[in-house]
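Comments concern the structure below.
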Amino acid sequence: MTKVIQIRVGRANELPNGDWDVDCSVTLVITGGLKILFETGGSWAADDLIASLSSLGVNLSDITHVFCSHGHSDHVGCLSLFPQASQIVGRDANKGSSYRNQQIPPRDKTIGYPIWQFPVESNVLSEPPSESGSSFQLQLITTPGHTGGCVSLIGSSTGSPFEFTDIEGTTKQVMRLAIVGDLWECANDDSVWPLLSEMAHLQEESRKFILDLLPDIIVPGHGPAFSPQKQ
């Protein structure tokens with residue numbers, strides 16, 4: 001059974017001195033023998049991440065893949081906790097010290113290019129073909145804008161719905177979701193995201209691309225999951 005669980009809710013709170021208290025959302029995907037972590041949060045939250053996984057009965061060594069939407073420190077700070085996992089940060093993919101040849105040049109700003117997918121047909125990690133045994137599919141795709149190398153993880157089913165559990169522990173049956181990093185900072189972020197974007201015009205196009213997929217749920221970089229249809 002496929003399960004997607006938002007295990008940490010990101011935040012971005014301005015402090016009285018003008019600095020910001022920041023960490024990112026973290027999501028766990030369990031499917032077809034894989035345990036995939038999307039984002040790790042900052043290094044300052046390592047103990048909280050370990051506790052969140054432990055509360056679900058997941059050990060650090062159980063994680064098979066770690067995907068990070070981009071390389072900012074609040075998203076990749078705990079990568080070293082998962083040396084056994086296949087890792088993709090933006091478009092950089094590695095297994096241990098072995099880095100894979102990129103399938104898309106850094107200067108290419110295509111939206112929706114598949115970096116990795118499951119069941120595996122071909123991907124940057126050179127993993128062997130596999131069958132998930134279900135109608136659930138995952139694609140890690142390029143969604144540039146916040147940074148030029150940003151990626152998002154799309155989960156979808158062509159058959160029965162799958163489970164999504166939010167941070168409050170409420171489980172919903174969904175057909176499609178998008179875990180997007182800072183493509184969305186949070187729900188209703190229209191006044192915020194352009195100020196933080198390297199390429200706002202591209203980010204706007206990437207956001208439209210995701211919305212056109214009609215996801216039931218979006219997991220943003222710095223807030224709880226939300227339903228875009230209800231905004």
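Every chain in the structure tokens has a letter given in the order shown (A, B, ...), and although residue numbers restart at 1 in each chain, ligands are simply numbered from 1 in the order shown.
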Which residues of stretch 44-153 of chain A come within 10 Å of stretch 164-184 of chain A, and for each one, what is the closest pair of atoms and their distance in Å to one decimal, counting only C-alpha atoms, sorted by chain and residue number, as CSV?
residue,atom,partner,partner_atom,distance
A:Cys68,CA,A:Gly181,CA,7.8
A:Ser69,CA,A:Gly181,CA,5.3
A:His70,CA,A:Gly181,CA,7.7
A:His75,CA,A:Gly181,CA,8.3
A:Phe136,CA,A:Met175,CA,8.9
A:Gln137,CA,A:Arg176,CA,9.5
A:Leu138,CA,A:Leu177,CA,9.8
A:Gln139,CA,A:Ala178,CA,9.7
A:Leu140,CA,A:Ile179,CA,9.4
A:Ile141,CA,A:Val180,CA,9.7
A:Thr143,CA,A:Leu183,CA,7.5
A:Pro144,CA,A:Leu183,CA,8.1
A:Gly145,CA,A:Leu183,CA,7.2
A:His146,CA,A:Leu183,CA,6.1
A:Thr147,CA,A:Asp182,CA,9.0
A:Cys150,CA,A:Leu183,CA,8.0
A:Val151,CA,A:Val180,CA,7.1
A:Ser152,CA,A:Val180,CA,4.5
A:Leu153,CA,A:Ile179,CA,5.1
Atoms kept (N, CA, C and O atoms) for selection, written as a short mmCIF file (atom, residue, chain, number, x, y, z; two decimals), in the first residue's frame:
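Output below, filename out.cif:
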data_model
loop_
_atom_site.label_atom_id
_atom_site.label_comp_id
_atom_site.auth_asym_id
_atom_site.auth_seq_id
_atom_site.Cartn_x
_atom_site.Cartn_y
_atom_site.Cartn_z
N CYS A 68 15.85 16.28 -2.73
CA CYS A 68 15.74 17.65 -2.25
C CYS A 68 15.44 18.56 -3.44
O CYS A 68 16.07 18.45 -4.49
N SER A 69 14.48 19.44 -3.26
CA SER A 69 14.01 20.25 -4.37
C SER A 69 15.10 21.17 -4.91
O SER A 69 15.14 21.47 -6.11
N HIS A 70 16.00 21.62 -4.02
CA HIS A 70 17.11 22.49 -4.42
C HIS A 70 18.12 22.50 -3.29
O HIS A 70 17.90 21.85 -2.26
N HIS A 75 16.95 22.96 3.25
CA HIS A 75 16.37 21.80 2.57
C HIS A 75 17.30 20.59 2.56
O HIS A 75 16.82 19.46 2.44
N PHE A 136 0.27 3.05 -8.83
CA PHE A 136 0.89 4.28 -8.33
C PHE A 136 2.17 4.57 -9.09
O PHE A 136 2.99 3.67 -9.33
N GLN A 137 2.36 5.84 -9.45
CA GLN A 137 3.54 6.26 -10.19
C GLN A 137 4.14 7.50 -9.54
O GLN A 137 3.40 8.34 -8.99
N LEU A 138 5.45 7.61 -9.63
CA LEU A 138 6.17 8.79 -9.14
C LEU A 138 7.03 9.34 -10.25
O LEU A 138 7.64 8.58 -11.01
N GLN A 139 7.10 10.67 -10.34
CA GLN A 139 8.03 11.33 -11.24
C GLN A 139 8.65 12.52 -10.51
O GLN A 139 7.94 13.33 -9.90
N LEU A 140 9.97 12.61 -10.58
CA LEU A 140 10.70 13.79 -10.12
C LEU A 140 10.97 14.63 -11.36
O LEU A 140 11.67 14.19 -12.27
N ILE A 141 10.40 15.83 -11.40
CA ILE A 141 10.45 16.64 -12.62
C ILE A 141 11.06 18.01 -12.34
O ILE A 141 11.05 18.50 -11.21
N THR A 143 11.21 21.88 -12.17
CA THR A 143 10.27 23.01 -11.98
C THR A 143 11.09 24.25 -11.61
O THR A 143 11.04 24.73 -10.47
N PRO A 144 11.85 24.77 -12.55
CA PRO A 144 12.75 25.90 -12.24
C PRO A 144 12.00 27.18 -11.92
O PRO A 144 10.84 27.36 -12.30
N GLY A 145 12.69 28.05 -11.22
CA GLY A 145 12.14 29.36 -10.89
C GLY A 145 12.68 29.88 -9.58
O GLY A 145 13.44 30.84 -9.55
N HIS A 146 12.31 29.25 -8.48
CA HIS A 146 12.88 29.65 -7.18
C HIS A 146 14.40 29.59 -7.28
O HIS A 146 15.10 30.51 -6.86
N THR A 147 14.92 28.49 -7.82
CA THR A 147 16.29 28.42 -8.35
C THR A 147 16.21 27.78 -9.73
O THR A 147 15.20 27.16 -10.09
N CYS A 150 15.53 23.71 -9.56
CA CYS A 150 14.50 23.14 -8.69
C CYS A 150 13.77 21.97 -9.33
O CYS A 150 13.54 21.94 -10.55
N VAL A 151 13.38 21.01 -8.48
CA VAL A 151 12.59 19.87 -8.92
C VAL A 151 11.41 19.67 -7.97
O VAL A 151 11.44 20.12 -6.82
N SER A 152 10.39 18.98 -8.47
CA SER A 152 9.21 18.63 -7.69
C SER A 152 8.91 17.15 -7.89
O SER A 152 9.23 16.58 -8.94
N LEU A 153 8.29 16.53 -6.88
CA LEU A 153 7.92 15.12 -6.95
C LEU A 153 6.41 15.00 -7.12
O LEU A 153 5.64 15.51 -6.30
#
Please provide the set of residues having any atom within 9 Å of A:Ile36, restricted to only C-alpha atoms, with same-chain residues fewer than 6 positions apart removed, written as a PyMOL selection string.
chain A and resi 27-30+63-67+85
Let's have the selection written as a PDB file, in the first residue's frame, with N, CA, C and O atoms.
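Heads up, here's the output in again.pdb:
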ATOM      1  N   THR A  27       8.590  15.357   3.723  1.00  0.00           N
ATOM      2  CA  THR A  27       7.539  14.404   3.379  1.00  0.00           C
ATOM      3  C   THR A  27       8.149  13.029   3.152  1.00  0.00           C
ATOM      4  O   THR A  27       9.215  12.902   2.546  1.00  0.00           O
ATOM      5  N   LEU A  28       7.462  12.003   3.621  1.00  0.00           N
ATOM      6  CA  LEU A  28       7.886  10.615   3.464  1.00  0.00           C
ATOM      7  C   LEU A  28       6.924   9.908   2.512  1.00  0.00           C
ATOM      8  O   LEU A  28       5.703   9.995   2.682  1.00  0.00           O
ATOM      9  N   VAL A  29       7.481   9.221   1.512  1.00  0.00           N
ATOM     10  CA  VAL A  29       6.690   8.418   0.577  1.00  0.00           C
ATOM     11  C   VAL A  29       7.093   6.960   0.748  1.00  0.00           C
ATOM     12  O   VAL A  29       8.279   6.621   0.652  1.00  0.00           O
ATOM     13  N   ILE A  30       6.116   6.102   1.014  1.00  0.00           N
ATOM     14  CA  ILE A  30       6.355   4.670   1.172  1.00  0.00           C
ATOM     15  C   ILE A  30       5.581   3.950   0.079  1.00  0.00           C
ATOM     16  O   ILE A  30       4.348   4.014   0.027  1.00  0.00           O
ATOM     17  N   ILE A  63      15.687   4.426   4.838  1.00  0.00           N
ATOM     18  CA  ILE A  63      15.420   5.358   3.744  1.00  0.00           C
ATOM     19  C   ILE A  63      16.224   4.940   2.516  1.00  0.00           C
ATOM     20  O   ILE A  63      17.452   4.825   2.564  1.00  0.00           O
ATOM     21  N   THR A  64      15.528   4.707   1.401  1.00  0.00           N
ATOM     22  CA  THR A  64      16.191   4.248   0.174  1.00  0.00           C
ATOM     23  C   THR A  64      16.581   5.403  -0.739  1.00  0.00           C
ATOM     24  O   THR A  64      17.543   5.295  -1.497  1.00  0.00           O
ATOM     25  N   HIS A  65      15.814   6.491  -0.702  1.00  0.00           N
ATOM     26  CA  HIS A  65      16.060   7.640  -1.570  1.00  0.00           C
ATOM     27  C   HIS A  65      15.815   8.924  -0.785  1.00  0.00           C
ATOM     28  O   HIS A  65      14.877   8.998   0.023  1.00  0.00           O
ATOM     29  N   VAL A  66      16.648   9.918  -1.042  1.00  0.00           N
ATOM     30  CA  VAL A  66      16.427  11.265  -0.507  1.00  0.00           C
ATOM     31  C   VAL A  66      16.449  12.233  -1.686  1.00  0.00           C
ATOM     32  O   VAL A  66      17.436  12.306  -2.423  1.00  0.00           O
ATOM     33  N   PHE A  67      15.355  12.945  -1.860  1.00  0.00           N
ATOM     34  CA  PHE A  67      15.250  13.950  -2.910  1.00  0.00           C
ATOM     35  C   PHE A  67      15.103  15.318  -2.263  1.00  0.00           C
ATOM     36  O   PHE A  67      14.294  15.481  -1.339  1.00  0.00           O
ATOM     37  N   ALA A  85      21.491   6.024   1.094  1.00  0.00           N
ATOM     38  CA  ALA A  85      20.382   6.302   0.187  1.00  0.00           C
ATOM     39  C   ALA A  85      20.870   6.864  -1.147  1.00  0.00           C
ATOM     40  O   ALA A  85      21.902   7.544  -1.215  1.00  0.00           O
TER      41      ALA A  85
END
Identify, with DSSP run on backbone atoms, the residues in chain A assigned to helix (DSSP H, G or I), and express the list as an NGL selection string.
:A and (43-54 or 60-62 or 73-76 or 79-81 or 193-196 or 200-212 or 228-230)
Pick from A:Leu15, A:Leu79, A:Ile217, A:Leu37, whichever lies nearest to A:Glu163 using only C-alpha atoms:
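Answer, going by the shortest atom-to-atom distance: A:Ile217.
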Please run DSSP on the backbone and report, as a VMD selection string, all residues within stretch 16-202 of chain A that come out as strand (DSSP E or B).
chain A and resid 20 to 23 26 to 31 34 to 38 41 65 to 68 86 to 89 92 to 95 98 to 99 114 to 118 136 to 142 151 to 157 162 to 165 171 to 174 176 to 181
Rank nothing, just name the residue among A:Leu49, A:Ile210, A:Ile104, A:Leu34 nearest to A:Arg8, using only C-alpha atoms.
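Of all the options, A:Leu49 lies closest to A:Arg8.
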For atom CA of A:Asn13 and atom CA of A:Asp190, quote the distance in Å rounded to one decimal.
16.6 Å
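Every protein or nucleic acid residue with an atom no more than 9 Å from A:Thr31, counting only C-alpha atoms and leaving out same-chain residues fewer than 6 positions away, appears here: Met1, Thr2, Lys3, Val4, Ser132 and Phe136 of chain A.
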From A:Ser157, A:Ser25, A:Thr40, A:Ser227, residue lying nearest A:Leu211 [only C-alpha atoms]:
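Among the listed residues, the smallest separation from A:Leu211 belongs to A:Ser227.
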